[in-house]
>>> print(open('final-v9.pdb').read())   # PDB, C-alpha atoms, pLDDT in the B column
ATOM      1  CA  MET A 134      74.160  83.276 -44.548  1.00 98.00           C
ATOM      2  CA  GLN A 135      73.005  86.776 -43.602  1.00 98.00           C
ATOM      3  CA  ILE A 136      73.914  88.193 -40.174  1.00 98.00           C
ATOM      4  CA  ASP A 137      72.558  91.567 -39.027  1.00 98.00           C
ATOM      5  CA  VAL A 138      74.271  93.294 -36.104  1.00 98.00           C
ATOM      6  CA  PHE A 139      72.579  96.063 -34.119  1.00 98.00           C
ATOM      7  CA  THR A 140      74.994  98.246 -32.176  1.00 98.00           C
ATOM      8  CA  LEU A 141      75.737 101.760 -30.959  1.00 98.00           C
ATOM      9  CA  PHE A 142      79.312 101.449 -32.250  1.00 98.00           C
ATOM     10  CA  PRO A 143      79.275 100.202 -35.868  1.00 98.00           C
ATOM     11  CA  GLU A 144      82.777 101.568 -36.438  1.00 98.00           C
ATOM     12  CA  LEU A 145      84.178  98.715 -34.344  1.00 98.00           C
ATOM     13  CA  PHE A 146      83.281  96.045 -36.921  1.00 98.00           C
ATOM     14  CA  PRO A 147      84.750  96.697 -40.404  1.00 98.00           C
ATOM     15  CA  ALA A 148      88.439  96.043 -39.675  1.00 98.00           C
ATOM     16  CA  TYR A 149      87.815  92.538 -38.372  1.00 98.00           C
ATOM     17  CA  LEU A 150      84.943  91.593 -40.672  1.00 98.00           C
ATOM     18  CA  ASN A 151      86.801  92.611 -43.821  1.00 97.00           C
ATOM     19  CA  ALA A 152      90.021  90.739 -43.039  1.00 97.00           C
ATOM     20  CA  SER A 153      91.168  87.169 -43.615  1.00 96.00           C
ATOM     21  CA  ILE A 154      88.610  84.344 -43.697  1.00 96.00           C
ATOM     22  CA  LEU A 155      85.567  86.516 -42.951  1.00 98.00           C
ATOM     23  CA  GLY A 156      86.526  88.991 -45.648  1.00 98.00           C
ATOM     24  CA  ARG A 157      86.946  86.229 -48.225  1.00 97.00           C
ATOM     25  CA  ALA A 158      83.669  84.597 -47.153  1.00 98.00           C
ATOM     26  CA  GLN A 159      81.826  87.839 -47.826  1.00 98.00           C
ATOM     27  CA  GLN A 160      83.590  88.432 -51.135  1.00 97.00           C
ATOM     28  CA  GLY A 161      82.669  84.900 -52.175  1.00 97.00           C
ATOM     29  CA  GLY A 162      79.002  85.350 -51.306  1.00 97.00           C
ATOM     30  CA  LEU A 163      79.065  82.749 -48.523  1.00 97.00           C
ATOM     31  CA  LEU A 164      78.441  85.294 -45.771  1.00 98.00           C
ATOM     32  CA  SER A 165      76.838  88.717 -45.633  1.00 98.00           C
ATOM     33  CA  VAL A 166      77.079  90.907 -42.529  1.00 98.00           C
ATOM     34  CA  GLY A 167      75.000  94.055 -42.134  1.00 98.00           C
ATOM     35  CA  VAL A 168      75.952  96.385 -39.281  1.00 98.00           C
ATOM     36  CA  HIS A 169      73.178  98.757 -38.201  1.00 98.00           C
ATOM     37  CA  ASN A 170      73.526 101.763 -35.905  1.00 98.00           C
ATOM     38  CA  ILE A 171      70.782 101.721 -33.274  1.00 98.00           C
ATOM     39  CA  ARG A 172      71.231 105.458 -32.782  1.00 97.00           C
ATOM     40  CA  ASP A 173      69.922 106.079 -36.314  1.00 97.00           C
ATOM     41  CA  TYR A 174      66.519 104.851 -35.132  1.00 97.00           C
ATOM     42  CA  ALA A 175      66.173 107.207 -32.158  1.00 96.00           C
ATOM     43  CA  THR A 176      63.475 109.769 -32.938  1.00 90.00           C
ATOM     44  CA  ASP A 177      64.374 112.658 -30.623  1.00 88.00           C
ATOM     45  CA  LYS A 178      66.574 115.581 -31.638  1.00 89.00           C
ATOM     46  CA  HIS A 179      69.654 114.328 -29.789  1.00 91.00           C
ATOM     47  CA  GLN A 180      69.205 110.666 -30.778  1.00 94.00           C
ATOM     48  CA  VAL A 181      69.199 109.500 -27.174  1.00 95.00           C
ATOM     49  CA  THR A 182      69.446 105.719 -26.807  1.00 96.00           C
ATOM     50  CA  ASP A 183      69.846 105.324 -23.044  1.00 96.00           C
ATOM     51  CA  ASP A 184      68.293 106.614 -19.830  1.00 96.00           C
ATOM     52  CA  THR A 185      68.522 106.233 -16.059  1.00 95.00           C
ATOM     53  CA  PRO A 186      66.983 103.072 -14.590  1.00 94.00           C
ATOM     54  CA  PHE A 187      63.611 103.206 -12.859  1.00 93.00           C
ATOM     55  CA  GLY A 188      64.065 102.686  -9.138  1.00 92.00           C
ATOM     56  CA  GLY A 189      67.460 104.326  -9.103  1.00 90.00           C
ATOM     57  CA  GLY A 190      70.901 102.817  -9.158  1.00 87.00           C
ATOM     58  CA  GLY A 191      74.104 103.467 -11.038  1.00 84.00           C
ATOM     59  CA  GLY A 192      74.669 103.374 -14.765  1.00 91.00           C
ATOM     60  CA  MET A 193      72.398 103.831 -17.740  1.00 95.00           C
ATOM     61  CA  VAL A 194      70.044 101.433 -19.520  1.00 96.00           C
ATOM     62  CA  MET A 195      69.515 101.194 -23.282  1.00 96.00           C
ATOM     63  CA  LYS A 196      65.999 102.345 -24.186  1.00 97.00           C
ATOM     64  CA  PRO A 197      63.629  99.887 -25.864  1.00 97.00           C
ATOM     65  CA  GLU A 198      62.221 102.158 -28.601  1.00 97.00           C
ATOM     66  CA  PRO A 199      65.384 102.563 -30.748  1.00 97.00           C
ATOM     67  CA  ILE A 200      66.272  98.866 -30.450  1.00 98.00           C
ATOM     68  CA  PHE A 201      62.797  97.680 -31.457  1.00 98.00           C
ATOM     69  CA  ALA A 202      62.676 100.235 -34.277  1.00 98.00           C
ATOM     70  CA  ALA A 203      66.096  99.220 -35.615  1.00 98.00           C
ATOM     71  CA  VAL A 204      65.435  95.489 -35.573  1.00 98.00           C
ATOM     72  CA  GLU A 205      61.889  95.685 -36.929  1.00 98.00           C
ATOM     73  CA  SER A 206      62.843  98.165 -39.670  1.00 98.00           C
ATOM     74  CA  VAL A 207      65.518  95.806 -40.964  1.00 98.00           C
ATOM     75  CA  LEU A 208      63.943  92.415 -40.282  1.00 97.00           C
ATOM     76  CA  GLY A 209      60.198  93.073 -40.242  1.00 97.00           C
ATOM     77  CA  LYS A 210      57.614  92.944 -37.468  1.00 96.00           C
ATOM     78  CA  PRO A 211      57.882  90.488 -35.909  1.00 93.00           C
ATOM     79  CA  PRO A 212      61.273  89.248 -37.144  1.00 96.00           C
ATOM     80  CA  ALA A 213      61.091  85.840 -38.809  1.00 95.00           C
ATOM     81  CA  GLN A 214      64.648  84.861 -37.878  1.00 96.00           C
ATOM     82  CA  PRO A 215      66.398  84.321 -34.530  1.00 98.00           C
ATOM     83  CA  VAL A 216      67.259  87.522 -32.674  1.00 98.00           C
ATOM     84  CA  VAL A 217      70.175  86.962 -30.295  1.00 98.00           C
ATOM     85  CA  LEU A 218      70.871  89.315 -27.411  1.00 98.00           C
ATOM     86  CA  LEU A 219      74.542  89.181 -26.390  1.00 97.00           C
ATOM     87  CA  SER A 220      74.319  89.097 -22.611  1.00 94.00           C
ATOM     88  CA  PRO A 221      76.304  87.737 -19.628  1.00 92.00           C
ATOM     89  CA  GLN A 222      72.978  86.220 -18.518  1.00 93.00           C
ATOM     90  CA  GLY A 223      72.556  84.092 -21.652  1.00 95.00           C
ATOM     91  CA  ARG A 224      73.386  80.469 -22.379  1.00 96.00           C
ATOM     92  CA  VAL A 225      77.105  79.915 -22.744  1.00 97.00           C
ATOM     93  CA  PHE A 226      78.442  79.977 -26.294  1.00 97.00           C
ATOM     94  CA  THR A 227      80.094  76.722 -27.351  1.00 95.00           C
ATOM     95  CA  GLN A 228      81.154  75.024 -30.560  1.00 94.00           C
ATOM     96  CA  ALA A 229      77.855  73.136 -30.494  1.00 93.00           C
ATOM     97  CA  VAL A 230      75.935  76.427 -30.349  1.00 97.00           C
ATOM     98  CA  ALA A 231      78.025  77.789 -33.242  1.00 97.00           C
ATOM     99  CA  GLN A 232      77.128  74.729 -35.306  1.00 96.00           C
ATOM    100  CA  GLU A 233      73.461  75.133 -34.368  1.00 97.00           C
ATOM    101  CA  LEU A 234      73.360  78.793 -35.409  1.00 98.00           C
ATOM    102  CA  ALA A 235      75.199  78.037 -38.657  1.00 97.00           C
ATOM    103  CA  GLN A 236      72.095  76.139 -39.792  1.00 97.00           C
ATOM    104  CA  GLN A 237      70.095  79.373 -39.875  1.00 98.00           C
ATOM    105  CA  PRO A 238      69.852  81.262 -43.179  1.00 98.00           C
ATOM    106  CA  ARG A 239      69.630  84.576 -41.331  1.00 98.00           C
ATOM    107  CA  LEU A 240      70.518  85.694 -37.828  1.00 98.00           C
ATOM    108  CA  ALA A 241      70.332  88.970 -35.881  1.00 98.00           C
ATOM    109  CA  LEU A 242      72.613  90.046 -33.028  1.00 98.00           C
ATOM    110  CA  ILE A 243      71.846  92.825 -30.529  1.00 98.00           C
ATOM    111  CA  CYS A 244      74.856  94.340 -28.765  1.00 98.00           C
ATOM    112  CA  GLY A 245      74.066  95.725 -25.332  1.00 95.00           C
ATOM    113  CA  ARG A 246      75.960  98.560 -23.659  1.00 93.00           C
ATOM    114  CA  TYR A 247      76.114 100.326 -20.305  1.00 90.00           C
ATOM    115  CA  GLU A 248      74.100  98.467 -17.627  1.00 90.00           C
ATOM    116  CA  GLY A 249      72.296  96.504 -20.324  1.00 92.00           C
ATOM    117  CA  VAL A 250      69.043  96.775 -22.253  1.00 96.00           C
ATOM    118  CA  ASP A 251      65.508  97.440 -21.087  1.00 97.00           C
ATOM    119  CA  GLU A 252      64.002  94.120 -19.971  1.00 96.00           C
ATOM    120  CA  ARG A 253      61.236  94.419 -22.578  1.00 97.00           C
ATOM    121  CA  VAL A 254      63.850  93.858 -25.292  1.00 97.00           C
ATOM    122  CA  ARG A 255      64.749  90.576 -23.637  1.00 97.00           C
ATOM    123  CA  GLN A 256      61.135  89.557 -23.111  1.00 97.00           C
ATOM    124  CA  HIS A 257      59.508  90.625 -26.369  1.00 97.00           C
ATOM    125  CA  LEU A 258      62.170  91.006 -29.080  1.00 98.00           C
ATOM    126  CA  ALA A 259      65.099  88.677 -28.430  1.00 98.00           C
ATOM    127  CA  THR A 260      64.483  84.992 -29.093  1.00 98.00           C
ATOM    128  CA  ASP A 261      67.791  83.870 -27.596  1.00 98.00           C
ATOM    129  CA  GLU A 262      70.452  85.150 -25.211  1.00 98.00           C
ATOM    130  CA  ILE A 263      74.074  84.132 -25.513  1.00 98.00           C
ATOM    131  CA  SER A 264      77.045  84.722 -23.230  1.00 97.00           C
ATOM    132  CA  ILE A 265      80.663  84.123 -24.220  1.00 96.00           C
ATOM    133  CA  GLY A 266      81.688  83.382 -20.639  1.00 95.00           C
ATOM    134  CA  ASP A 267      81.394  84.223 -16.994  1.00 94.00           C
ATOM    135  CA  PHE A 268      82.818  87.716 -17.180  1.00 92.00           C
ATOM    136  CA  VAL A 269      81.573  91.180 -18.112  1.00 90.00           C
ATOM    137  CA  LEU A 270      82.709  93.339 -21.036  1.00 94.00           C
ATOM    138  CA  THR A 271      81.973  96.968 -21.866  1.00 94.00           C
ATOM    139  CA  GLY A 272      79.542  95.947 -24.592  1.00 96.00           C
ATOM    140  CA  GLY A 273      78.321  93.166 -26.832  1.00 97.00           C
ATOM    141  CA  GLU A 274      80.437  94.079 -29.853  1.00 98.00           C
ATOM    142  CA  LEU A 275      83.372  91.773 -29.103  1.00 98.00           C
ATOM    143  CA  PRO A 276      81.043  88.854 -28.308  1.00 98.00           C
ATOM    144  CA  ALA A 277      79.198  89.520 -31.576  1.00 98.00           C
ATOM    145  CA  LEU A 278      82.437  89.362 -33.556  1.00 98.00           C
ATOM    146  CA  MET A 279      83.431  86.167 -31.800  1.00 98.00           C
ATOM    147  CA  LEU A 280      80.054  84.613 -32.552  1.00 98.00           C
ATOM    148  CA  ILE A 281      80.195  85.652 -36.226  1.00 98.00           C
ATOM    149  CA  ASP A 282      83.686  84.206 -36.596  1.00 98.00           C
ATOM    150  CA  ALA A 283      82.827  80.894 -34.927  1.00 97.00           C
ATOM    151  CA  VAL A 284      79.556  80.499 -36.838  1.00 98.00           C
ATOM    152  CA  ALA A 285      81.099  81.420 -40.203  1.00 98.00           C
ATOM    153  CA  ARG A 286      83.748  78.704 -39.854  1.00 96.00           C
ATOM    154  CA  ASN A 287      80.941  76.151 -39.937  1.00 95.00           C
ATOM    155  CA  LEU A 288      79.481  77.389 -43.230  1.00 96.00           C
ATOM    156  CA  ALA A 289      80.215  75.219 -46.245  1.00 94.00           C
ATOM    157  CA  GLY A 290      83.131  76.566 -48.267  1.00 95.00           C
ATOM    158  CA  VAL A 291      84.296  79.218 -45.811  1.00 96.00           C
ATOM    159  CA  LEU A 292      87.451  77.354 -44.755  1.00 92.00           C
ATOM    160  CA  GLY A 293      88.238  76.094 -48.222  1.00 75.00           C
ATOM    161  CA  GLN A 294      88.396  72.423 -47.254  1.00 60.00           C
ATOM    162  CA  VAL A 295      85.164  70.517 -46.691  1.00 50.00           C
ATOM    163  CA  ASP A 296      86.022  69.140 -43.254  1.00 55.00           C
ATOM    164  CA  GLY A 297      88.170  72.053 -42.058  1.00 50.00           C
ATOM    165  CA  ALA A 298      85.981  72.980 -39.082  1.00 54.00           C
ATOM    166  CA  LEU A 299      85.467  69.354 -38.096  1.00 51.00           C
ATOM    167  CA  THR A 300      89.029  69.055 -36.780  1.00 51.00           C
ATOM    168  CA  ASP A 301      89.037  72.265 -34.727  1.00 55.00           C
ATOM    169  CA  SER A 302      89.377  72.066 -30.972  1.00 51.00           C
ATOM    170  CA  HIS A 303      85.948  71.357 -29.404  1.00 55.00           C
ATOM    171  CA  ALA A 304      84.423  70.287 -32.736  1.00 61.00           C
ATOM    172  CA  THR A 305      84.708  66.637 -31.699  1.00 72.00           C
ATOM    173  CA  GLY A 306      84.500  67.254 -27.968  1.00 84.00           C
ATOM    174  CA  LEU A 307      88.299  67.152 -27.658  1.00 91.00           C
ATOM    175  CA  LEU A 308      91.128  69.645 -27.904  1.00 91.00           C
ATOM    176  CA  GLU A 309      93.294  69.501 -31.010  1.00 90.00           C
ATOM    177  CA  GLY A 310      96.706  67.933 -30.775  1.00 91.00           C
ATOM    178  CA  PRO A 311      99.960  69.751 -31.681  1.00 92.00           C
ATOM    179  CA  HIS A 312     100.785  70.999 -35.187  1.00 92.00           C
ATOM    180  CA  TYR A 313     104.182  71.256 -36.891  1.00 93.00           C
ATOM    181  CA  THR A 314     105.452  72.782 -40.138  1.00 93.00           C
ATOM    182  CA  ARG A 315     108.786  73.365 -41.894  1.00 92.00           C
ATOM    183  CA  PRO A 316     111.624  73.282 -41.016  1.00 93.00           C
ATOM    184  CA  ALA A 317     111.742  69.680 -39.830  1.00 93.00           C
ATOM    185  CA  GLU A 318     114.394  70.716 -37.305  1.00 95.00           C
ATOM    186  CA  PHE A 319     114.550  74.063 -35.533  1.00 95.00           C
ATOM    187  CA  ARG A 320     117.184  74.861 -32.883  1.00 95.00           C
ATOM    188  CA  GLY A 321     117.663  71.177 -32.334  1.00 94.00           C
ATOM    189  CA  TRP A 322     113.943  70.501 -31.845  1.00 93.00           C
ATOM    190  CA  GLY A 323     112.564  67.996 -34.280  1.00 95.00           C
ATOM    191  CA  VAL A 324     109.167  66.887 -35.546  1.00 95.00           C
ATOM    192  CA  PRO A 325     107.535  63.638 -34.336  1.00 95.00           C
ATOM    193  CA  PRO A 326     108.554  60.854 -36.736  1.00 95.00           C
ATOM    194  CA  GLU A 327     104.918  59.806 -37.216  1.00 95.00           C
ATOM    195  CA  LEU A 328     104.213  63.044 -39.092  1.00 95.00           C
ATOM    196  CA  LEU A 329     107.142  62.436 -41.433  1.00 95.00           C
ATOM    197  CA  SER A 330     106.311  58.793 -42.096  1.00 96.00           C
ATOM    198  CA  GLY A 331     103.909  59.277 -45.000  1.00 95.00           C
ATOM    199  CA  ASP A 332     101.721  56.590 -43.426  1.00 96.00           C
ATOM    200  CA  HIS A 333      98.267  58.217 -43.259  1.00 96.00           C
ATOM    201  CA  ALA A 334      96.818  55.640 -40.880  1.00 95.00           C
ATOM    202  CA  ARG A 335      99.784  56.052 -38.536  1.00 96.00           C
ATOM    203  CA  ILE A 336      99.484  59.839 -38.699  1.00 96.00           C
ATOM    204  CA  ALA A 337      95.731  59.729 -37.988  1.00 94.00           C
ATOM    205  CA  ARG A 338      96.290  57.430 -35.007  1.00 95.00           C
ATOM    206  CA  TRP A 339      99.057  59.697 -33.655  1.00 95.00           C
ATOM    207  CA  ARG A 340      96.867  62.786 -33.987  1.00 94.00           C
ATOM    208  CA  ARG A 341      93.959  61.118 -32.229  1.00 94.00           C
ATOM    209  CA  HIS A 342      96.284  59.940 -29.462  1.00 95.00           C
ATOM    210  CA  GLN A 343      97.685  63.460 -29.017  1.00 94.00           C
ATOM    211  CA  ALA A 344      94.181  64.997 -28.936  1.00 93.00           C
ATOM    212  CA  LEU A 345      93.081  62.532 -26.265  1.00 94.00           C
ATOM    213  CA  GLN A 346      96.228  63.026 -24.238  1.00 94.00           C
ATOM    214  CA  ARG A 347      96.117  66.810 -24.428  1.00 94.00           C
ATOM    215  CA  THR A 348      92.443  66.901 -23.471  1.00 93.00           C
ATOM    216  CA  ALA A 349      93.082  64.572 -20.527  1.00 94.00           C
ATOM    217  CA  GLN A 350      95.886  66.829 -19.304  1.00 94.00           C
ATOM    218  CA  ARG A 351      94.318  70.232 -19.878  1.00 95.00           C
ATOM    219  CA  ARG A 352      90.542  69.746 -19.939  1.00 93.00           C
ATOM    220  CA  PRO A 353      89.608  66.492 -18.194  1.00 94.00           C
ATOM    221  CA  ASP A 354      86.075  67.853 -17.890  1.00 91.00           C
ATOM    222  CA  LEU A 355      85.736  67.671 -21.687  1.00 90.00           C
ATOM    223  CA  LEU A 356      87.119  64.158 -21.782  1.00 92.00           C
ATOM    224  CA  ALA A 357      84.552  63.024 -19.223  1.00 91.00           C
ATOM    225  CA  LYS A 358      81.749  64.088 -21.602  1.00 89.00           C
ATOM    226  CA  ALA A 359      83.335  62.939 -24.884  1.00 90.00           C
ATOM    227  CA  GLU A 360      82.142  59.895 -26.792  1.00 90.00           C
ATOM    228  CA  LEU A 361      85.142  57.549 -26.770  1.00 93.00           C
ATOM    229  CA  SER A 362      85.637  54.381 -28.762  1.00 93.00           C
ATOM    230  CA  ASP A 363      87.373  51.284 -27.468  1.00 95.00           C
ATOM    231  CA  GLU A 364      90.406  52.345 -29.497  1.00 95.00           C
ATOM    232  CA  ASP A 365      90.352  55.758 -27.799  1.00 94.00           C
ATOM    233  CA  ARG A 366      90.323  54.156 -24.369  1.00 94.00           C
ATOM    234  CA  LYS A 367      93.235  51.939 -25.333  1.00 92.00           C
ATOM    235  CA  LEU A 368      95.198  54.964 -26.516  1.00 92.00           C
ATOM    236  CA  LEU A 369      94.541  56.692 -23.217  1.00 92.00           C
ATOM    237  CA  GLU A 370      95.643  53.623 -21.296  1.00 91.00           C
ATOM    238  CA  ASP A 371      98.858  53.518 -23.319  1.00 82.00           C
ATOM    239  CA  SER A 372      99.476  57.188 -22.377  1.00 80.00           C
ATOM    240  CA  GLU A 373      99.209  56.392 -18.688  1.00 77.00           C
ATOM    241  CA  GLN A 374     101.735  53.553 -18.808  1.00 66.00           C
TER     242      GLN A 374
END
>>> encode(input="final-v9.pdb", output="structure tokens")
Amino acid sequence: MQIDVFTLFPELFPAYLNASILGRAQQGGLLSVGVHNIRDYATDKHQVTDDTPFGGGGGMVMKPEPIFAAVESVLGKPPAQPVVLLSPQGRVFTQAVAQELAQQPRLALICGRYEGVDERVRQHLATDEISIGDFVLTGGELPALMLIDAVARNLAGVLGQVDGALTDSHATGLLEGPHYTRPAEFRGWGVPPELLSGDHARIARWRRHQALQRTAQRRPDLLAKAELSDEDRKLLEDSEQ
């Protein structure tokens, strides 16, 4: 998968993109991330990329010309792939959206700054707007990194095991249950006997029970929307007794 990021601060990306899972995904040819500096596409002497808003008001607005020029120079005119504007006004990013975007062979991300981007970018260049939550950040760079990370985890081979992303929290509509590793006893705290039993069916049932129970306790809103089997409902009933 190819992801192109358009930003005024490209120096913010390499440390995270080149580390751990994302770094290995790129080295293995499973993911390619191009980071493009919007300022390079400004045509005036001082490479100005923002200006005061028409009608007055505080803050600055990113100009349309450098953004259009950057995106169209890299992707073509008009771009053939989705162009996502990271914006607090966009649809909320979820695991389902990450899985949806992971189906695309190529994706572009525009990182806003200051008071935002000229509305003509939203209307005539971006094909999607995505928000990572109901709060405001200084720019779209952190949301872009979060989106890249979440999307990349859903690409075949990135996590090493075929179904690795399928057991993540939210992948099934539930939170994950607890995890344990060696030592089997630490400061007098042990590991649930189910995990030490070697009985795979028992372990799977315990993990499902814990996921249901944890979701019911911490995110009942997710549980209300989850598709539950009769066995799931029985496990929940057992938890309440």
>>> closest_residue(input="final-v9.pdb", among="A:Gly161, A:Gly249, A:Gly191, A:Pro143", to="Gln222 (chain A)", atoms="only C-alpha atoms")
A:Gly249
>>> resolve_selection(input="final-v9.pdb", expression="the PyMOL selection byres ((chain A and resi 238) around 9)", output="PDB file with C-alpha atoms, in the frame of the given file")
ATOM      1  CA  MET A 134      74.160  83.276 -44.548  1.00 98.00           C
ATOM      2  CA  GLN A 135      73.005  86.776 -43.602  1.00 98.00           C
ATOM      3  CA  ILE A 136      73.914  88.193 -40.174  1.00 98.00           C
ATOM      4  CA  GLN A 214      64.648  84.861 -37.878  1.00 96.00           C
ATOM      5  CA  LEU A 234      73.360  78.793 -35.409  1.00 98.00           C
ATOM      6  CA  ALA A 235      75.199  78.037 -38.657  1.00 97.00           C
ATOM      7  CA  GLN A 236      72.095  76.139 -39.792  1.00 97.00           C
ATOM      8  CA  GLN A 237      70.095  79.373 -39.875  1.00 98.00           C
ATOM      9  CA  ARG A 239      69.630  84.576 -41.331  1.00 98.00           C
ATOM     10  CA  LEU A 240      70.518  85.694 -37.828  1.00 98.00           C
TER      11      LEU A 240
END
>>> resolve_selection(input="final-v9.pdb", expression="the PyMOL selection byres ((chain A and resi 241-243) around 9)", output="count of residues only")
23
>>> atom_distance(input="final-v9.pdb", atom1="CA of Arg286 (chain A)", atom2="CA of Pro147 (chain A)")
18.0 Å
>>> closest_atom_pairs(input="final-v9.pdb", of="region 280-340 of chain A", to="region 155-160 of chain A", cutoff="8 Å", atoms="all atoms listed in the file", output="Markdown table")
| residue | atom | partner | partner_atom | distance |
| --- | --- | --- | --- | --- |
| A:Asp282 | CA | A:Leu155 | CA | 7.0 |
| A:Ala285 | CA | A:Leu155 | CA | 7.3 |
| A:Val291 | CA | A:Ala158 | CA | 5.6 |
>>> closest_atom_pairs(input="final-v9.pdb", of="region 286-357 of chain A", to="region 163-180 of chain A", cutoff="10 Å", atoms="all atoms listed in the file", output="CSV")
residue,atom,partner,partner_atom,distance
A:Leu288,CA,A:Leu163,CA,7.5
A:Ala289,CA,A:Leu163,CA,8.0
A:Gly290,CA,A:Leu163,CA,7.4
A:Val291,CA,A:Leu163,CA,6.9
>>> atom_distance(input="final-v9.pdb", atom1="CA of Ala202 (chain A)", atom2="CA of Asp251 (chain A)")
13.8 Å
>>> resolve_selection(input="final-v9.pdb", expression="the PyMOL selection byres ((chain A and resi 264) around 10)", output="short mmCIF file (atom, residue, chain, number, x, y, z; two decimals) with C-alpha atoms, in the frame of the given file")
data_model
loop_
_atom_site.label_atom_id
_atom_site.label_comp_id
_atom_site.auth_asym_id
_atom_site.auth_seq_id
_atom_site.Cartn_x
_atom_site.Cartn_y
_atom_site.Cartn_z
CA LEU A 218 70.87 89.32 -27.41
CA LEU A 219 74.54 89.18 -26.39
CA SER A 220 74.32 89.10 -22.61
CA PRO A 221 76.30 87.74 -19.63
CA GLN A 222 72.98 86.22 -18.52
CA GLY A 223 72.56 84.09 -21.65
CA ARG A 224 73.39 80.47 -22.38
CA VAL A 225 77.10 79.92 -22.74
CA PHE A 226 78.44 79.98 -26.29
CA THR A 227 80.09 76.72 -27.35
CA GLU A 262 70.45 85.15 -25.21
CA ILE A 263 74.07 84.13 -25.51
CA ILE A 265 80.66 84.12 -24.22
CA GLY A 266 81.69 83.38 -20.64
CA ASP A 267 81.39 84.22 -16.99
CA PHE A 268 82.82 87.72 -17.18
CA VAL A 269 81.57 91.18 -18.11
CA GLY A 273 78.32 93.17 -26.83
CA PRO A 276 81.04 88.85 -28.31
CA ALA A 277 79.20 89.52 -31.58
CA LEU A 280 80.05 84.61 -32.55
#
>>> closest_residue(input="final-v9.pdb", among="A:Leu329, A:Leu308, A:Val254, A:Ala213", to="Met195 (chain A)", atoms="all atoms listed in the file")
A:Val254
>>> atom_distance(input="final-v9.pdb", atom1="CA of Arg340 (chain A)", atom2="CA of Leu292 (chain A)")
20.4 Å
>>> residues_around(input="final-v9.pdb", residues="region 317-319 of chain A", least_positions_apart="6", cutoff="12 Å", atoms="all atoms listed in the file", output="ChimeraX atom specification")
/A:325-326,328-329
